file run_13.tsv (TSV, C-alpha atoms)
chain	number	residue	atom	x	y	z
A	1	MET	CA	93.97	82.66	73.72
A	2	LYS	CA	97.46	83.44	74.98
A	3	PHE	CA	99.07	86.74	75.90
A	4	ALA	CA	102.43	87.64	74.40
A	5	SER	CA	105.03	85.92	76.58
A	6	SER	CA	107.14	89.01	77.25
A	7	LEU	CA	103.96	90.71	78.51
A	8	VAL	CA	103.26	87.79	80.86
A	9	LEU	CA	106.84	87.96	82.13
A	10	LEU	CA	106.56	91.71	82.68
A	11	THR	CA	103.29	91.32	84.59
A	12	GLU	CA	104.84	88.67	86.82
A	13	ALA	CA	107.96	90.77	87.39
A	14	LEU	CA	105.86	93.79	88.43
A	15	ARG	CA	104.44	91.67	91.26
A	16	LYS	CA	107.89	91.77	92.84
A	17	LEU	CA	107.06	95.33	93.86
A	18	PRO	CA	105.68	95.54	97.43
A	19	GLY	CA	101.90	96.10	97.49
A	20	VAL	CA	101.32	95.18	93.85
A	21	GLY	CA	98.83	92.33	93.23
A	22	PRO	CA	97.92	90.54	89.98
A	23	LYS	CA	95.34	93.09	88.77
A	24	SER	CA	97.54	96.10	89.50
A	25	ALA	CA	100.48	94.40	87.82
A	26	GLN	CA	98.42	93.79	84.68
A	27	ARG	CA	97.22	97.39	84.60
A	28	MET	CA	100.76	98.67	85.07
A	29	ALA	CA	102.05	96.45	82.25
A	30	TYR	CA	99.28	97.60	79.86
A	31	HIS	CA	99.78	101.22	80.81
A	32	LEU	CA	103.52	101.11	80.21
A	33	MET	CA	103.25	99.25	76.90
A	34	GLN	CA	100.36	101.37	75.61
A	35	HIS	CA	101.06	104.85	76.95
A	36	ASP	CA	104.55	105.15	78.39
A	37	ARG	CA	107.26	103.06	76.76
A	38	GLU	CA	109.71	105.84	77.47
A	39	GLY	CA	108.90	105.55	81.18
A	40	ALA	CA	109.25	101.77	80.98
A	41	SER	CA	112.68	102.12	79.42
A	42	LEU	CA	113.69	104.68	82.04
A	43	LEU	CA	112.55	102.37	84.83
A	44	GLY	CA	114.23	99.32	83.29
A	45	HIS	CA	117.57	101.07	83.04
A	46	ALA	CA	117.23	102.70	86.47
A	47	LEU	CA	116.66	99.29	88.07
A	48	LEU	CA	119.68	97.69	86.42
A	49	GLN	CA	121.88	100.69	87.17
A	50	ALA	CA	120.80	100.79	90.83
A	51	ILE	CA	121.54	97.07	91.29
A	52	GLU	CA	124.97	97.59	89.83
A	53	LYS	CA	125.89	100.74	91.74
A	54	ILE	CA	124.11	100.70	95.08
A	55	ARG	CA	125.87	99.13	98.03
A	56	HIS	CA	126.01	99.72	101.79
A	57	CYS	CA	128.17	102.34	103.49
A	58	ALA	CA	130.97	100.58	105.38
A	59	ARG	CA	130.38	102.83	108.39
A	60	CYS	CA	126.68	103.71	108.65
A	61	ASN	CA	125.15	100.97	106.50
A	62	THR	CA	123.01	103.31	104.35
A	63	PHE	CA	122.67	102.98	100.58
A	64	THR	CA	125.61	104.57	98.78
A	65	GLU	CA	127.62	104.33	95.59
A	66	SER	CA	130.99	104.67	97.33
A	67	GLU	CA	132.82	102.75	100.07
A	68	VAL	CA	131.78	105.33	102.69
A	69	CYS	CA	128.82	107.70	102.25
A	70	GLU	CA	128.98	111.51	102.14
A	71	THR	CA	127.40	111.95	105.56
A	72	CYS	CA	130.00	109.76	107.27
A	73	LEU	CA	132.81	111.66	105.52
A	74	ASP	CA	131.48	115.10	106.51
A	75	PRO	CA	134.13	116.69	108.83
A	76	GLU	CA	131.56	119.17	110.22
A	77	ARG	CA	129.67	116.43	112.01
A	78	ASP	CA	130.07	115.54	115.67
A	79	SER	CA	131.54	112.04	115.61
A	80	ARG	CA	130.85	111.53	119.34
A	81	LEU	CA	127.14	111.19	118.60
A	82	LEU	CA	125.67	108.20	116.78
A	83	CYS	CA	121.95	108.11	115.94
A	84	VAL	CA	120.39	104.73	115.14
A	85	VAL	CA	117.43	104.73	112.72
A	86	GLU	CA	115.48	102.05	110.88
A	87	THR	CA	115.60	103.43	107.33
A	88	PRO	CA	117.23	106.17	105.21
A	89	ALA	CA	113.81	107.88	105.07
A	90	ASP	CA	113.86	108.21	108.88
A	91	GLN	CA	117.37	109.64	108.68
A	92	LEU	CA	116.17	112.23	106.16
A	93	MET	CA	113.34	113.29	108.48
A	94	ILE	CA	115.79	113.83	111.36
A	95	GLU	CA	118.11	115.81	109.09
A	96	GLN	CA	115.21	118.08	108.17
A	97	THR	CA	114.65	119.04	111.82
A	98	MET	CA	118.14	120.65	111.89
A	99	THR	CA	118.48	119.62	115.58
A	100	TYR	CA	121.11	116.94	115.16
A	101	LYS	CA	124.69	117.27	113.94
A	102	GLY	CA	126.09	113.84	114.77
A	103	LEU	CA	126.48	110.70	112.68
A	104	TYR	CA	124.06	107.87	111.93
A	105	PHE	CA	123.69	104.14	111.78
A	106	ILE	CA	120.92	102.76	109.59
A	107	LEU	CA	119.57	99.35	110.60
A	108	MET	CA	117.68	98.85	107.31
A	109	GLY	CA	114.90	97.20	109.26
A	110	ARG	CA	113.74	96.40	112.79
A	111	LEU	CA	113.64	93.31	114.97
A	112	SER	CA	110.55	91.27	114.16
A	113	PRO	CA	110.71	87.71	115.46
A	114	LEU	CA	107.31	86.88	113.93
A	115	ASP	CA	108.67	87.67	110.47
A	116	GLY	CA	111.93	85.89	111.24
A	117	ILE	CA	113.92	89.15	111.40
A	118	GLY	CA	116.57	88.75	114.09
A	119	PRO	CA	119.63	90.76	115.27
A	120	LYS	CA	121.69	89.57	112.29
A	121	ASP	CA	119.21	90.92	109.74
A	122	ILE	CA	119.41	94.43	111.17
A	123	HIS	CA	123.23	94.35	111.20
A	124	LEU	CA	123.71	94.60	114.97
A	125	ASP	CA	127.26	93.20	114.71
A	126	LYS	CA	128.15	96.07	112.44
A	127	LEU	CA	126.49	98.55	114.83
A	128	MET	CA	128.39	97.17	117.84
A	129	GLN	CA	131.67	97.46	115.98
A	130	ARG	CA	130.78	100.98	114.84
A	131	ALA	CA	129.75	102.14	118.34
A	132	ALA	CA	132.94	100.71	119.87
A	133	ASP	CA	135.31	102.85	117.76
A	134	GLY	CA	136.44	104.77	120.88
A	135	VAL	CA	135.11	108.08	119.56
A	136	VAL	CA	131.36	107.55	119.89
A	137	ALA	CA	130.29	108.68	123.37
A	138	GLU	CA	126.51	108.57	123.04
A	139	VAL	CA	124.17	106.42	120.97
A	140	VAL	CA	120.78	108.04	120.29
A	141	LEU	CA	118.11	105.43	119.55
A	142	ALA	CA	115.65	106.79	116.99
A	143	THR	CA	113.86	103.64	115.88
A	144	ASN	CA	110.11	104.00	115.34
A	145	PHE	CA	107.77	104.18	118.33
A	146	THR	CA	105.87	101.13	117.19
A	147	ASN	CA	105.99	97.88	119.18
A	148	GLU	CA	108.73	96.47	116.96
A	149	GLY	CA	110.72	99.72	116.98
A	150	GLU	CA	110.51	99.93	120.79
A	151	ALA	CA	111.61	96.32	121.15
A	152	THR	CA	114.51	96.97	118.80
A	153	ALA	CA	115.56	100.04	120.81
A	154	HIS	CA	115.34	98.06	124.06
A	155	TYR	CA	117.44	95.23	122.67
A	156	ILE	CA	120.12	97.57	121.32
A	157	SER	CA	120.13	99.58	124.53
A	158	GLU	CA	120.70	96.51	126.71
A	159	THR	CA	123.51	95.28	124.48
A	160	LEU	CA	125.30	98.66	124.30
A	161	LYS	CA	125.00	99.40	128.01
A	162	THR	CA	126.86	96.20	128.91
A	163	ARG	CA	129.72	97.73	126.95
A	164	GLY	CA	129.65	100.93	128.99
A	165	LEU	CA	128.25	103.27	126.34
A	166	LYS	CA	125.78	106.04	127.09
A	167	VAL	CA	122.50	105.25	125.34
A	168	THR	CA	119.62	107.69	124.90
A	169	ARG	CA	116.21	107.45	123.27
A	170	LEU	CA	114.23	110.15	121.44
A	171	ALA	CA	111.77	111.68	123.92
A	172	ARG	CA	108.19	110.60	123.83
A	173	GLY	CA	107.16	113.67	121.93
A	174	VAL	CA	106.57	111.31	119.07
A	175	PRO	CA	103.04	109.88	119.34
A	176	VAL	CA	102.95	106.23	120.45
A	177	GLY	CA	102.32	103.93	117.49
A	178	GLY	CA	103.55	106.57	115.07
A	179	GLU	CA	106.15	106.06	112.36
A	180	LEU	CA	108.93	108.66	112.08
A	181	GLU	CA	108.57	109.02	108.36
A	182	TYR	CA	105.05	110.42	108.71
A	183	VAL	CA	105.46	112.66	111.77
A	184	ASP	CA	105.86	116.43	111.38
A	185	ALA	CA	109.35	117.85	111.78
A	186	GLY	CA	108.39	119.98	114.83
A	187	THR	CA	107.44	116.92	116.85
A	188	ILE	CA	110.65	115.17	115.93
A	189	ALA	CA	112.66	118.28	116.84
A	190	ARG	CA	111.01	118.32	120.29
A	191	ALA	CA	111.75	114.62	120.76
A	192	MET	CA	115.38	115.11	119.74
A	193	LEU	CA	115.86	117.85	122.35
A	194	ASP	CA	114.16	115.77	125.08
A	195	ARG	CA	116.09	112.58	124.48
A	196	ARG	CA	116.54	110.67	127.72
A	197	ALA	CA	118.90	108.08	129.22
A	198	THR	CA	117.57	104.51	129.04
B	1	MET	CA	122.73	114.77	103.38
B	2	LYS	CA	122.23	113.38	99.88
B	3	PHE	CA	120.86	110.03	98.74
B	4	ALA	CA	122.89	107.99	96.25
B	5	SER	CA	122.03	109.33	92.80
B	6	SER	CA	121.09	106.00	91.26
B	7	LEU	CA	118.63	105.51	94.13
B	8	VAL	CA	117.09	108.91	93.46
B	9	LEU	CA	116.79	108.04	89.77
B	10	LEU	CA	115.19	104.70	90.59
B	11	THR	CA	112.66	106.35	92.94
B	12	GLU	CA	111.73	108.86	90.25
B	13	ALA	CA	111.45	106.16	87.60
B	14	LEU	CA	109.11	104.09	89.81
B	15	ARG	CA	106.71	107.05	89.80
B	16	LYS	CA	106.11	106.34	86.11
B	17	LEU	CA	103.96	103.42	87.27
B	18	PRO	CA	100.27	104.31	87.45
B	19	GLY	CA	99.06	104.83	91.04
B	20	VAL	CA	102.55	105.13	92.57
B	21	GLY	CA	103.25	108.35	94.51
B	22	PRO	CA	106.51	109.63	96.04
B	23	LYS	CA	106.26	107.67	99.33
B	24	SER	CA	105.33	104.40	97.64
B	25	ALA	CA	108.11	104.86	95.11
B	26	GLN	CA	110.64	105.36	97.91
B	27	ARG	CA	109.42	102.27	99.77
B	28	MET	CA	109.55	100.21	96.60
B	29	ALA	CA	113.11	101.37	95.86
B	30	TYR	CA	114.29	100.56	99.42
B	31	HIS	CA	112.55	97.22	99.36
B	32	LEU	CA	114.11	96.18	96.06
B	33	MET	CA	117.62	97.32	97.01
B	34	GLN	CA	117.47	95.86	100.52
B	35	HIS	CA	115.47	92.67	100.13
B	36	ASP	CA	114.98	91.73	96.49
B	37	ARG	CA	117.76	92.63	94.09
B	38	GLU	CA	116.97	89.50	92.13
B	39	GLY	CA	113.41	90.74	91.66
B	40	ALA	CA	114.71	94.16	90.64
B	41	SER	CA	116.95	92.58	88.04
B	42	LEU	CA	114.08	90.42	86.78
B	43	LEU	CA	111.84	93.47	86.48
B	44	GLY	CA	114.52	95.57	84.80
B	45	HIS	CA	115.15	92.96	82.14
B	46	ALA	CA	111.44	92.20	81.69
B	47	LEU	CA	110.75	95.89	81.02
B	48	LEU	CA	113.49	96.24	78.43
B	49	GLN	CA	112.55	92.98	76.75
B	50	ALA	CA	108.87	93.90	76.60
B	51	ILE	CA	109.64	97.28	75.03
B	52	GLU	CA	111.74	95.57	72.41
B	53	LYS	CA	109.36	92.72	71.58
B	54	ILE	CA	105.81	93.91	72.16
B	55	ARG	CA	103.94	95.47	69.26
B	56	HIS	CA	100.33	95.60	68.08
B	57	CYS	CA	98.62	92.86	66.05
B	58	ALA	CA	98.05	94.13	62.50
B	59	ARG	CA	94.50	92.74	62.56
B	60	CYS	CA	93.05	92.99	66.08
B	61	ASN	CA	95.40	95.58	67.62
B	62	THR	CA	96.22	93.54	70.75
B	63	PHE	CA	99.72	93.23	72.21
B	64	THR	CA	101.71	90.58	70.38
B	65	GLU	CA	105.25	89.63	69.48
B	66	SER	CA	104.42	88.71	65.87
B	67	GLU	CA	102.87	90.55	62.92
B	68	VAL	CA	99.49	88.91	63.58
B	69	CYS	CA	98.50	87.40	66.96
B	70	GLU	CA	97.63	83.75	67.62
B	71	THR	CA	93.92	84.43	68.11
B	72	CYS	CA	93.59	86.12	64.70
B	73	LEU	CA	95.42	83.22	63.02
B	74	ASP	CA	93.25	80.53	64.67
B	75	PRO	CA	91.35	78.75	61.81
B	76	GLU	CA	88.74	77.41	64.26
B	77	ARG	CA	87.31	80.86	64.89
B	78	ASP	CA	84.23	82.27	63.19
B	79	SER	CA	85.60	85.15	61.12
B	80	ARG	CA	82.09	86.53	60.49
B	81	LEU	CA	81.93	87.74	64.10
B	82	LEU	CA	84.04	90.61	65.39
B	83	CYS	CA	83.89	91.56	69.08
B	84	VAL	CA	85.14	95.02	70.07
B	85	VAL	CA	86.64	95.37	73.56
B	86	GLU	CA	88.57	98.07	75.40
B	87	THR	CA	91.53	96.06	76.69
B	88	PRO	CA	93.18	92.62	76.43
B	89	ALA	CA	91.98	91.94	80.00
B	90	ASP	CA	88.36	92.35	78.81
B	91	GLN	CA	89.05	89.99	75.92
B	92	LEU	CA	90.41	87.40	78.36
B	93	MET	CA	87.23	87.63	80.47
B	94	ILE	CA	85.05	87.01	77.41
B	95	GLU	CA	87.21	84.06	76.39
B	96	GLN	CA	86.73	82.55	79.83
B	97	THR	CA	82.93	82.51	79.41
B	98	MET	CA	83.34	80.06	76.47
B	99	THR	CA	80.27	81.62	74.79
B	100	TYR	CA	82.04	83.35	71.92
B	101	LYS	CA	84.00	81.80	69.08
B	102	GLY	CA	84.51	84.82	66.80
B	103	LEU	CA	87.39	87.24	66.44
B	104	TYR	CA	88.24	90.42	68.33
B	105	PHE	CA	89.27	94.01	67.93
B	106	ILE	CA	90.96	95.66	70.93
B	107	LEU	CA	90.59	99.43	71.13
B	108	MET	CA	93.29	99.80	73.81
B	109	GLY	CA	91.22	102.51	75.43
B	110	ARG	CA	87.85	104.28	75.22
B	111	LEU	CA	86.61	107.62	73.99
B	112	SER	CA	87.13	110.24	76.67
B	113	PRO	CA	86.88	113.81	75.36
B	114	LEU	CA	87.68	115.26	78.79
B	115	ASP	CA	91.03	113.46	78.79
B	116	GLY	CA	91.63	114.37	75.16
B	117	ILE	CA	91.13	110.78	73.97
B	118	GLY	CA	89.41	110.92	70.58
B	119	PRO	CA	88.55	108.40	67.81
B	120	LYS	CA	92.14	108.39	66.58
B	121	ASP	CA	93.54	107.32	69.97
B	122	ILE	CA	91.33	104.23	70.08
B	123	HIS	CA	92.30	103.24	66.53
B	124	LEU	CA	88.85	103.59	64.94
B	125	ASP	CA	90.35	103.89	61.44
B	126	LYS	CA	91.95	100.49	61.92
B	127	LEU	CA	88.65	99.08	63.24
B	128	MET	CA	86.69	100.43	60.25
B	129	GLN	CA	89.17	98.88	57.87
B	130	ARG	CA	89.08	95.60	59.77
B	131	ALA	CA	85.27	95.47	59.88
B	132	ALA	CA	85.02	96.23	56.15
B	133	ASP	CA	87.00	93.17	55.05
B	134	GLY	CA	83.90	91.65	53.40
B	135	VAL	CA	83.89	88.63	55.76
B	136	VAL	CA	82.76	90.24	59.02
B	137	ALA	CA	78.96	90.14	59.15
B	138	GLU	CA	78.33	91.23	62.73
B	139	VAL	CA	80.23	93.51	65.09
B	140	VAL	CA	79.57	92.79	68.79
B	141	LEU	CA	80.26	95.84	70.94
B	142	ALA	CA	81.66	94.75	74.31
B	143	THR	CA	83.07	98.01	75.66
B	144	ASN	CA	82.53	98.60	79.37
B	145	PHE	CA	79.10	99.68	80.64
B	146	THR	CA	80.49	102.87	82.11
B	147	ASN	CA	79.53	106.27	80.69
B	148	GLU	CA	82.66	106.39	78.57
B	149	GLY	CA	82.31	102.81	77.39
B	150	GLU	CA	78.66	103.38	76.42
B	151	ALA	CA	79.55	106.56	74.54
B	152	THR	CA	82.31	104.66	72.74
B	153	ALA	CA	79.88	101.88	71.79
B	154	HIS	CA	77.34	104.43	70.56
B	155	TYR	CA	79.92	106.24	68.44
B	156	ILE	CA	81.24	103.03	66.88
B	157	SER	CA	77.71	101.76	66.29
B	158	GLU	CA	76.66	104.91	64.43
B	159	THR	CA	79.77	104.85	62.27
B	160	LEU	CA	79.49	101.15	61.38
B	161	LYS	CA	75.77	101.26	60.64
B	162	THR	CA	76.27	103.93	57.97
B	163	ARG	CA	78.41	101.30	56.27
B	164	GLY	CA	75.63	98.72	56.34
B	165	LEU	CA	77.12	96.38	58.99
B	166	LYS	CA	75.05	94.59	61.60
B	167	VAL	CA	76.04	95.92	65.01
B	168	THR	CA	75.08	94.33	68.34
B	169	ARG	CA	75.78	95.19	71.97
B	170	LEU	CA	76.25	92.86	74.94
B	171	ALA	CA	72.91	92.56	76.75
B	172	ARG	CA	72.39	94.58	79.89
B	173	GLY	CA	73.07	91.57	82.03
B	174	VAL	CA	76.21	93.42	82.99
B	175	PRO	CA	75.44	95.80	85.88
B	176	VAL	CA	75.32	99.45	84.87
B	177	GLY	CA	78.51	101.23	85.89
B	178	GLY	CA	80.41	97.95	86.04
B	179	GLU	CA	83.71	97.18	84.37
B	180	LEU	CA	84.01	93.91	82.44
B	181	GLU	CA	87.28	92.97	84.02
B	182	TYR	CA	85.68	92.69	87.46
B	183	VAL	CA	82.35	91.07	86.59
B	184	ASP	CA	81.83	87.33	87.13
B	185	ALA	CA	81.97	85.10	84.06
B	186	GLY	CA	78.34	83.93	84.46
B	187	THR	CA	77.02	87.46	84.09
B	188	ILE	CA	79.16	88.05	81.03
B	189	ALA	CA	77.99	84.74	79.53
B	190	ARG	CA	74.35	85.83	79.98
B	191	ALA	CA	75.09	89.18	78.39
B	192	MET	CA	76.84	87.56	75.45
B	193	LEU	CA	73.80	85.32	74.75
B	194	ASP	CA	71.38	88.27	75.06
B	195	ARG	CA	73.24	90.65	72.79
B	196	ARG	CA	70.81	92.91	70.96
B	197	ALA	CA	70.72	95.01	67.77
B	198	THR	CA	71.46	98.69	68.35

call {"tool": "encode", "arguments": {"input": "run_13.tsv", "output": "structure tokens"}}
result
Amino acid sequence: MKFASSLVLLTEALRKLPGVGPKSAQRMAYHLMQHDREGASLLGHALLQAIEKIRHCARCNTFTESEVCETCLDPERDSRLLCVVETPADQLMIEQTMTYKGLYFILMGRLSPLDGIGPKDIHLDKLMQRAADGVVAEVVLATNFTNEGEATAHYISETLKTRGLKVTRLARGVPVGGELEYVDAGTIARAMLDRRAT
Amino acid sequence: MKFASSLVLLTEALRKLPGVGPKSAQRMAYHLMQHDREGASLLGHALLQAIEKIRHCARCNTFTESEVCETCLDPERDSRLLCVVETPADQLMIEQTMTYKGLYFILMGRLSPLDGIGPKDIHLDKLMQRAADGVVAEVVLATNFTNEGEATAHYISETLKTRGLKVTRLARGVPVGGELEYVDAGTIARAMLDRRAT
């Protein structure tokens, strides 16, 4: 007995999604083909469109459809402040606290030597160039307070300080071991206000 | 601050997958755009191809790319036996036991009045027509041994018996409450051999 080949291909392709194993992939494929072909079509087109349109902001490195993202172009923002975060989700959490009006740099990851993720993979060259534009006066490190996030912050801090930049870190209001994305906005607001020199 | 619109669309489309909530969808979207655009492209094309090609076998109702699936066309199979299962995954498990050489009918679901799934949704008209072809002598009910699967088996059994067909059920070698897809092949083999009249 053989399954239809396009169904086998779909099941295998669904395993490309993080956290999806063989059984889940099979269930997803059956579900889409049996109960939600419209959803499958929507997802198929959304994937192809995103690949085509999404690129990285030339300044802050976030996902965008233009050369430079809307946040970087916003004239209301304080361009002397640059906040470094791991992901766009972390950036969104900080925005929601309403305590920060500067600009951002998104690493799109964190240093993780065990997984082979080094300074190049988190775009540190781009960050150094960005921070050395002559306008940025303070870099606020807002990587996660996990071991890897702390190590990343330490590494960036050491590198930036040799270039004479003021570097601060979110205060330890954020619980140790916590990930920004899941912390309540009040805690992050407190940590933003208490940021300290490193 | 706004996310790129094609990224928002992708995140929403990923929520069409069963078991994927807003946070998972966001992580999946970031992961694909940051680390696996090739996988995203593969998945996008696989989805659109599957929608275009996959339909239901005219005889057994499984997913296929032709009018009638390979299993139904196999001349080696005993066309006097018809085994009724809930999903193609269940059919695959039975095939792996090597204890059954007849044909299949795949319901693509089970009766579930609470979810509004009635006889029409599990294609019972098609099953009745299929079972009444004059060749089928025995219908083996192999729906899951959950409450819904048992109720489905009971309903099908009552309907078929009024038409004078012999109806059997997999023996209770399968643990009560278990789902075929997750039971070991040995247990299913035992149950297939011990099938009993209902």

call {"tool": "closest_residue", "arguments": {"input": "run_13.tsv", "among": "B:Gln49, B:Thr152, B:Asn147, B:Ser112", "to": "Gly178 in chain B", "atoms": "all atoms listed in the file"}}
result
B:Asn147

call {"tool": "interface_residues", "arguments": {"input": "run_13.tsv", "of": "chain A", "to": "chain B", "cutoff": "7 Å", "atoms": "all atoms listed in the file", "output": "PyMOL selection string"}}
result
chain A and resi 1+4+6-7+9-10+13-14+16-18+28+33+37+39-51+63-65+71

call {"tool": "residues_around", "arguments": {"input": "run_13.tsv", "residues": "Leu111 in chain B", "least_positions_apart": "5", "cutoff": "9 Å", "atoms": "only C-alpha atoms", "output": "list in words"}}
result
Gly116, Ile117, Gly118, Pro119, Asp121, Ile122, Glu148, Gly149, Ala151, Thr152 and Tyr155 of chain B

call {"tool": "atom_distance", "arguments": {"input": "run_13.tsv", "atom1": "CA of Lys161 in chain A", "atom2": "CA of Leu124 in chain A"}}
result
14.0 Å

call {"tool": "atom_distance", "arguments": {"input": "run_13.tsv", "atom1": "CA of Ile188 in chain A", "atom2": "CA of Leu141 in chain A"}}
result
12.8 Å

call {"tool": "atom_distance", "arguments": {"input": "run_13.tsv", "atom1": "CA of Asp115 in chain B", "atom2": "CA of Ala132 in chain B"}}
result
29.1 Å

call {"tool": "residues_around", "arguments": {"input": "run_13.tsv", "residues": "Ala197 in chain B", "least_positions_apart": "5", "cutoff": "8 Å", "atoms": "all atoms listed in the file", "output": "PyMOL selection string"}}
result
chain B and resi 166-169
